[in-house]
Structures are given as C-alpha cells and as structure tokens.
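One file, run.cif, carrying mmCIF, C-alpha atoms and all ligand atoms:
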```
data_query
#
loop_
_atom_site.label_atom_id
_atom_site.label_comp_id
_atom_site.auth_asym_id
_atom_site.auth_seq_id
_atom_site.Cartn_x
_atom_site.Cartn_y
_atom_site.Cartn_z
CA MET A 1 7.02 21.81 6.74
CA SER A 2 6.63 21.54 10.50
CA SER A 3 3.48 20.86 12.44
CA ASP A 4 2.59 20.37 16.07
CA ARG A 5 1.67 16.74 15.35
CA LEU A 6 4.94 16.10 13.54
CA ASP A 7 6.89 17.48 16.53
CA ARG A 8 4.98 15.13 18.86
CA ILE A 9 5.64 12.14 16.57
CA ARG A 10 9.36 12.90 16.55
CA LEU A 11 9.46 13.38 20.33
CA SER A 12 7.89 9.95 20.90
CA GLY A 13 10.47 8.38 18.62
CA ASP A 14 8.38 5.24 18.09
CA VAL A 15 7.70 5.76 14.40
CA PRO A 16 6.19 2.66 12.70
CA SER A 17 8.67 1.12 10.31
CA HIS A 18 5.94 0.13 7.88
CA VAL A 19 2.63 1.90 7.22
CA ALA A 20 0.12 0.38 4.77
CA ILE A 21 -2.90 2.26 3.43
CA ILE A 22 -6.20 1.16 1.88
CA MET A 23 -7.01 4.33 -0.07
CA ASP A 24 -10.81 4.28 -0.09
CA GLY A 25 -13.51 6.79 -0.96
CA ASN A 26 -12.48 8.20 -4.36
CA GLY A 27 -15.84 7.23 -5.90
CA ARG A 28 -17.86 8.81 -3.09
CA TRP A 29 -15.73 11.96 -3.19
CA ALA A 30 -16.62 12.33 -6.89
CA SER A 31 -20.34 11.44 -6.45
CA GLU A 32 -20.71 14.02 -3.67
CA ARG A 33 -19.64 16.65 -6.20
CA GLY A 34 -21.69 15.28 -9.10
CA LEU A 35 -18.49 14.28 -10.90
CA PRO A 36 -17.64 11.01 -12.71
CA ARG A 37 -15.77 8.44 -10.58
CA HIS A 38 -12.53 8.71 -12.55
CA LEU A 39 -12.14 12.32 -11.39
CA GLY A 40 -12.20 11.02 -7.81
CA HIS A 41 -9.29 8.71 -8.65
CA ARG A 42 -7.45 11.60 -10.30
CA GLU A 43 -7.88 13.72 -7.16
CA GLY A 44 -6.73 10.70 -5.16
CA MET A 45 -3.41 10.90 -6.99
CA LYS A 46 -2.78 14.27 -5.33
CA ALA A 47 -3.34 12.71 -1.92
CA VAL A 48 -0.81 10.00 -2.83
CA ARG A 49 1.75 12.73 -3.52
CA GLU A 50 1.05 14.52 -0.23
CA VAL A 51 1.13 11.37 1.91
CA ILE A 52 4.45 10.20 0.43
CA GLN A 53 6.09 13.52 1.35
CA ALA A 54 4.54 13.38 4.84
CA ALA A 55 5.82 9.81 5.35
CA VAL A 56 9.32 10.96 4.39
CA ASP A 57 9.04 13.95 6.77
CA ALA A 58 7.90 11.72 9.65
CA GLY A 59 10.73 9.24 9.04
CA VAL A 60 8.52 6.27 8.10
CA PRO A 61 10.90 3.95 6.17
CA ASN A 62 8.31 1.73 4.40
CA LEU A 63 4.96 2.79 2.89
CA THR A 64 2.59 0.46 1.05
CA LEU A 65 -0.40 1.75 -0.95
CA PHE A 66 -3.21 -0.52 -2.17
CA ALA A 67 -3.71 1.01 -5.63
CA PHE A 68 -5.68 -1.70 -7.47
CA SER A 69 -7.05 -5.00 -6.17
CA THR A 70 -7.63 -8.32 -7.94
CA GLN A 71 -11.35 -7.67 -7.42
CA ASN A 72 -11.09 -4.19 -9.02
CA TRP A 73 -10.69 -5.99 -12.40
CA MET A 74 -14.45 -6.64 -12.12
CA ARG A 75 -15.33 -2.91 -12.19
CA PRO A 76 -16.77 -1.49 -15.45
CA ALA A 77 -14.18 -1.59 -18.26
CA ALA A 78 -14.15 2.23 -18.50
CA GLU A 79 -13.17 2.60 -14.83
CA VAL A 80 -10.47 -0.10 -15.06
CA SER A 81 -9.06 1.63 -18.12
CA ALA A 82 -9.17 5.06 -16.38
CA LEU A 83 -7.27 3.61 -13.40
CA MET A 84 -4.62 2.06 -15.66
CA SER A 85 -4.20 5.38 -17.52
CA LEU A 86 -3.86 7.15 -14.20
CA LEU A 87 -1.14 4.74 -13.12
CA GLN A 88 0.72 5.43 -16.34
CA LEU A 89 0.32 9.17 -15.86
CA TYR A 90 1.48 8.90 -12.24
CA ALA A 91 4.50 6.82 -13.19
CA ARG A 92 5.55 9.26 -15.91
CA LYS A 93 4.83 12.49 -14.01
CA GLU A 94 6.20 11.55 -10.60
CA ARG A 95 9.33 9.57 -11.44
CA ALA A 96 11.74 12.51 -11.35
CA GLU A 97 10.23 13.99 -8.17
CA LEU A 98 10.25 10.64 -6.35
CA ARG A 99 13.86 10.15 -7.32
CA LYS A 100 14.70 13.60 -5.95
CA GLN A 101 12.89 12.76 -2.70
CA GLY A 102 14.91 9.54 -2.36
CA VAL A 103 11.85 7.30 -2.75
CA GLU A 104 12.46 3.80 -4.11
CA VAL A 105 9.33 2.43 -5.79
CA LYS A 106 8.38 -1.23 -6.06
CA VAL A 107 5.23 -2.39 -7.86
CA LEU A 108 3.90 -5.68 -6.50
CA GLY A 109 1.03 -7.97 -7.55
CA ASP A 110 -0.02 -10.13 -10.49
CA LEU A 111 1.48 -7.87 -13.14
CA SER A 112 0.84 -10.44 -15.89
CA ARG A 113 -2.71 -8.99 -16.10
CA ILE A 114 -1.79 -5.37 -16.79
CA ASP A 115 -1.51 -4.01 -20.35
CA GLU A 116 1.77 -3.40 -22.13
CA ALA A 117 1.77 0.43 -21.86
CA THR A 118 1.04 0.39 -18.12
CA ARG A 119 3.66 -2.32 -17.67
CA ARG A 120 6.30 -0.17 -19.43
CA ALA A 121 5.43 2.90 -17.33
CA VAL A 122 5.61 0.81 -14.17
CA ASP A 123 8.98 -0.69 -15.18
CA ASP A 124 10.29 2.83 -15.83
CA ILE A 125 9.31 4.18 -12.41
CA VAL A 126 10.84 1.14 -10.68
CA GLU A 127 14.04 1.46 -12.73
CA GLY A 128 14.20 5.25 -12.41
CA THR A 129 13.90 5.30 -8.61
CA ARG A 130 16.14 2.35 -7.80
CA GLY A 131 18.56 3.05 -4.96
CA GLY A 132 16.42 5.68 -3.14
CA THR A 133 17.09 5.52 0.60
CA ALA A 134 14.56 7.92 2.19
CA LEU A 135 11.49 5.70 1.72
CA ASN A 136 10.58 2.31 0.24
CA LEU A 137 7.25 2.78 -1.52
CA ASN A 138 5.32 -0.36 -2.47
CA LEU A 139 2.44 0.11 -4.91
CA LEU A 140 0.19 -2.94 -4.81
CA ILE A 141 -1.48 -3.40 -8.17
CA SER A 142 -3.62 -6.34 -9.32
CA TYR A 143 -3.08 -7.61 -5.79
CA GLY A 144 -5.23 -9.77 -3.51
CA GLY A 145 -4.27 -11.33 -0.18
CA ARG A 146 -5.97 -14.68 -0.84
CA GLU A 147 -4.52 -14.83 -4.36
CA GLU A 148 -1.07 -14.16 -2.89
CA ILE A 149 -1.41 -17.04 -0.40
CA LEU A 150 -2.68 -19.38 -3.15
CA HIS A 151 0.19 -18.34 -5.41
CA ALA A 152 2.70 -19.08 -2.63
CA ALA A 153 1.09 -22.48 -1.94
CA ARG A 154 1.44 -23.40 -5.62
CA VAL A 155 5.08 -22.25 -5.73
CA LEU A 156 5.89 -24.32 -2.63
CA ALA A 157 3.97 -27.38 -3.89
CA GLU A 158 5.93 -27.24 -7.13
CA ARG A 159 9.22 -27.04 -5.22
CA VAL A 160 8.20 -30.08 -3.15
CA ARG A 161 7.25 -31.95 -6.36
CA ARG A 162 10.68 -31.20 -7.83
CA GLY A 163 12.33 -32.49 -4.64
CA GLU A 164 13.86 -29.07 -3.77
CA LEU A 165 11.91 -28.77 -0.50
CA SER A 166 10.36 -31.23 1.97
CA ALA A 167 6.86 -30.69 3.42
CA GLU A 168 8.43 -30.30 6.89
CA GLU A 169 10.53 -27.39 5.63
CA ILE A 170 7.42 -25.34 4.80
CA ASP A 171 7.39 -22.68 7.51
CA GLU A 172 6.38 -19.01 7.75
CA ALA A 173 9.64 -17.86 6.16
CA ALA A 174 9.15 -20.24 3.21
CA PHE A 175 5.65 -18.84 2.62
CA GLU A 176 6.78 -15.22 2.93
CA ASP A 177 9.57 -15.90 0.47
CA ALA A 178 7.00 -16.91 -2.15
CA PHE A 179 4.77 -13.83 -1.66
CA PHE A 180 4.58 -10.84 -4.05
CA THR A 181 5.68 -8.83 -0.99
CA ARG A 182 8.82 -10.90 -0.52
CA GLY A 183 11.39 -8.97 1.53
CA VAL A 184 8.84 -6.36 2.69
CA PRO A 185 8.35 -6.38 6.51
CA SER A 186 4.81 -6.85 7.88
CA PRO A 187 3.01 -3.51 8.37
CA ASP A 188 3.00 -2.05 11.90
CA LEU A 189 0.08 0.22 11.08
CA LEU A 190 -2.79 -0.13 8.59
CA ILE A 191 -4.81 2.96 7.72
CA ARG A 192 -8.13 2.68 5.93
CA THR A 193 -9.85 5.85 4.80
CA SER A 194 -13.53 6.66 4.26
CA GLY A 195 -14.69 5.07 7.51
CA GLU A 196 -14.99 1.51 6.15
CA ARG A 197 -13.94 -1.17 8.65
CA ARG A 198 -12.92 -4.02 6.34
CA LEU A 199 -9.67 -5.59 5.18
CA SER A 200 -10.98 -6.15 1.62
CA ASN A 201 -8.51 -8.96 0.85
CA PHE A 202 -5.48 -6.77 1.62
CA MET A 203 -2.24 -8.35 2.94
CA LEU A 204 -4.20 -10.99 4.88
CA TRP A 205 -1.14 -12.88 6.11
CA GLN A 206 1.00 -9.80 6.79
CA LEU A 207 -1.66 -7.97 8.85
CA ALA A 208 -1.80 -10.64 11.59
CA TYR A 209 -0.47 -8.28 14.32
CA THR A 210 -0.89 -4.91 12.61
CA GLU A 211 -2.53 -2.00 14.44
CA LEU A 212 -5.57 -0.63 12.61
CA HIS A 213 -6.54 3.03 12.20
CA VAL A 214 -9.80 3.89 10.44
CA SER A 215 -10.06 7.49 9.26
CA PRO A 216 -13.46 8.96 8.31
CA VAL A 217 -11.81 11.15 5.65
CA LEU A 218 -12.37 10.21 1.98
CA TRP A 219 -9.04 9.43 0.30
CA PRO A 220 -8.86 12.53 -1.98
CA ASP A 221 -9.19 14.73 1.13
CA PHE A 222 -6.65 12.75 3.21
CA ASP A 223 -3.71 15.05 3.89
CA ARG A 224 -0.42 15.12 5.81
CA GLU A 225 -2.13 16.08 9.08
CA ASP A 226 -4.43 13.05 8.75
CA LEU A 227 -1.37 10.82 8.33
CA PHE A 228 0.26 12.40 11.39
CA GLU A 229 -2.95 11.82 13.39
CA ALA A 230 -2.80 8.13 12.46
CA LEU A 231 0.88 7.93 13.50
CA LEU A 232 0.06 9.53 16.87
CA ASP A 233 -2.81 7.07 17.35
CA TYR A 234 -0.32 4.24 16.67
CA GLN A 235 2.17 5.66 19.15
CA GLY A 236 -0.50 5.45 21.86
CA ARG A 237 -1.08 1.72 21.34
CA GLU A 238 0.37 -1.12 23.37
CA ARG A 239 1.44 -3.95 21.06
CA ARG A 240 1.47 -7.37 22.72
CA PHE A 241 1.71 -9.82 19.79
CA GLY A 242 -0.45 -12.33 21.71
CA ARG A 243 1.62 -12.05 24.90
CA VAL A 244 0.73 -10.33 28.19
CA ALA A 245 1.56 -6.69 28.90
CA SER A 246 5.11 -5.99 30.09
CA PRO A 247 5.23 -5.18 33.85
C1 LIG A 301 -10.87 3.06 -3.81
O1 LIG A 301 -11.87 4.04 -3.92
C2 LIG A 301 -9.70 3.42 -4.60
C3 LIG A 301 -9.27 2.72 -5.69
C4 LIG A 301 -9.92 1.51 -6.20
C5 LIG A 301 -8.11 3.18 -6.49
C6 LIG A 301 -7.00 3.86 -5.73
C7 LIG A 301 -6.28 4.73 -6.69
C8 LIG A 301 -5.81 5.96 -6.42
C9 LIG A 301 -5.84 6.57 -5.09
C10 LIG A 301 -5.23 6.84 -7.49
C11 LIG A 301 -4.03 6.38 -8.15
C12 LIG A 301 -2.99 5.79 -7.29
C13 LIG A 301 -1.70 5.81 -7.59
C14 LIG A 301 -0.72 5.12 -6.74
C15 LIG A 301 -1.24 6.52 -8.77
P1 LIG A 301 -13.31 3.60 -4.45
O2 LIG A 301 -13.33 3.82 -5.92
O3 LIG A 301 -13.60 2.19 -4.05
O4 LIG A 301 -14.23 4.61 -3.70
P2 LIG A 301 -15.73 4.38 -3.22
O5 LIG A 301 -15.70 3.27 -2.20
O6 LIG A 301 -16.12 5.69 -2.65
O7 LIG A 301 -16.53 4.00 -4.45
#
```

Would you put the structure from the file into structure tokens?
Amino acid sequence: MSSDRLDRIRLSGDVPSHVAIIMDGNGRWASERGLPRHLGHREGMKAVREVIQAAVDAGVPNLTLFAFSTQNWMRPAAEVSALMSLLQLYARKERAELRKQGVEVKVLGDLSRIDEATRRAVDDIVEGTRGGTALNLNLLISYGGREEILHAARVLAERVRRGELSAEEIDEAAFEDAFFTRGVPSPDLLIRTSGERRLSNFMLWQLAYTELHVSPVLWPDFDREDLFEALLDYQGRERRFGRVASP
C-alpha cells in the first residue's frame, strides 16, 4: 500500500536501520472506553501487526518492540496472566503470516521467568520464522535495561574469575556481547507512544545516541501512517554522535 509519506521516506533514502518502540497507552485506551485493561492490550496486538507490515514496506531492517518489562511483573496477577496469554495467542496466530512476510523473530529478555506454555509458544515462533530476510523483529519480554547491564557485569566478572578474561579486556564490545540483545545493532530511532517522555528502563546502554520521537497517539491507535511520520521526523534530524556538525 502506497502513501505520500512512504514515497517521501523512500526518496530520502536514509531509512533507520533499527527502530525500537515503547508501546505505551493500552491501559488508557481501554479506560477511555470503559473497558478492562486487557482489552487494550488485545487491541494493541493489532497495532503490532500493522506496524510490522509498515516497517517491512518502508525497508526498515531491524524492529524492536518492548512487549513486557521486568517491572511489569509487579502488575496485578490477572494482568500479567492476560499479557502472557496474549503473547501465546500472538505467537500461535501470527507465526505463519510472519514467515510469509519474511520476518525473523527473536525473543529477548530473562525468559527463565516466563511460564512453560508461553515459553513453548515463544520457542515455536522463533523456530518457525528462522531465516526470514525482510525484517529482524526483536520482542523484548521480561526485559529491563538495568537488569541487562547487571547480568552482563556478572557474566564478565565470572569470566575474569575463571581466568578467561582480564579486567583490561572489558570494553564496550565485551559488555555488548553479554547482553540479551547480543548481535542486535543499537537503535537509530526510538518511538514512544502515548505522549510519555521517559525511557522506563528500556535499552539504557543501547540508546546512548538514539534519536527520540514521542507520539501522542495511544498504542492501540498507532498505525502505519504514524510510523511513517516518525521515520520522516528521523530523516530530518542531524546526528552528530557527540562531534560537531559536518561543514
Ligand atoms: C504498555 O501500556 C503496554 C504494555 C505493558 C504491553 C505491551 C503489549 C502489547 C502491545 C500487546 C502484545 C504484544 C505483542 C508483541 C504480542 P500500559 O498498559 O502501560 O498503558 P497505560 O500506560 O495506558 O496504562
């Protein structure tokens, strides 16, 4: 499906190679309609579908979605359970379509905390989409940026203790190698929906030089045109990575 914005994105050519999204506002979307929160998450699943197709259409090679944070475990048990069921449903329902679209799914985070049924569904979607070349989709589940850095520090400390690594050899690459997101490039663009201007413990290390786009739209209403608007906003930025502007 073509759109004026998509044409402009393609003309510019500078498509971000990695877009990350904090999908926020499902609860408010539901409250505004007098519905229970879990129906907001369910509607959010439709937006996930639409944004993946739009990312493929725009030629974005890497997309990361923050689906469930370490801190989300502290929500009421019923909401946690509804979110896990939704992940299972998503994994089962979407696997064939994602495969057809050429989307390769990775699920990253502390997966030791998720239940057996969700784990199996997640393994199946990863296995069933392996080899897709149109888009790398990272679903971050049971993920926290601080927890990821602590985990990496422990892994590196253990390697030093075993004599496999010296303290001097601990550099950025060594840290990144011990992250859940190992092998995933840092995001060029972070989108947060629902107007909130916070990082909420998301990819704290990886976002060091990422461009930020805050959309006022609640996640269930976020559509392909909203993604294209964010990509156009990105294309208008000048990235300096701490240096001065080029002459
Ligand atoms: C934040 O909205 C959203 C979440 C905690 C869950 C995100 C999950 C989905 C979009 C659906 C499933 C995703 C996949 C990949 C299948 P919130 O509940 O914090 O909203 P609020 O701030 O309005 O309360």

Box along x, y and z, 5 Å on every side, all listed atoms of stretch 53-66 of chain A inside: centre and edge lengths in Å to one decimal, as lines of an AutoDock Vina configuration file.
```
center_x = 3.8
center_y = 6.7
center_z = 3.7
size_x = 24.1
size_y = 24.5
size_z = 21.8
```

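Between atom CA of A:Ala208 and atom CA of A:Glu169 the interatomic distance comes to 21.6 Å.
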
>> Using all atoms listed in the file, can you tell me which of A:Phe241, A:Phe228, A:Tyr90, A:Phe180 comes closest to ligand LIG 301 (chain A)?
In response: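 Smallest separation from ligand LIG 301 (chain A) among the options: A:Tyr90.
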
>> List the spatial neighbours of stretch 107-109 of chain A as a PyMOL selection string - criterion: any atom at most 9 Å away, all atoms listed in the file, same-chain residues fewer than 5 positions off excluded.
In response: chain A and resi 69-70+122-123+125-126+137-144+148+180-181

> Can you tell me which residues sit at most 8 Å away from ligand LIG 301 (chain A), counting all atoms listed in the file, written as a VMD selection string?
Replying inline: chain A and resid 22 to 30 37 40 to 45 47 to 48 65 to 69 72 83 86 to 91 139 194 218 to 220

>> To one decimal place in Å, what is the distance between atom CA of A:Asp115 and atom CA of A:Val184?
In response: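 Atom CA of A:Asp115 sits 25.4 Å away from atom CA of A:Val184.
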
>> Rounded to one decimal, what separation in Å do you get between atom CA of A:Ile149 and atom CA of A:Thr210?
In response: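 Computed distance, atom CA of A:Ile149 to atom CA of A:Thr210, equals 17.8 Å.
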
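Considering all atoms listed in the file, the residue among A:Gly102, A:Pro76, A:Gly13, A:Gly163 positioned nearest to A:Gln53 is A:Gly102.
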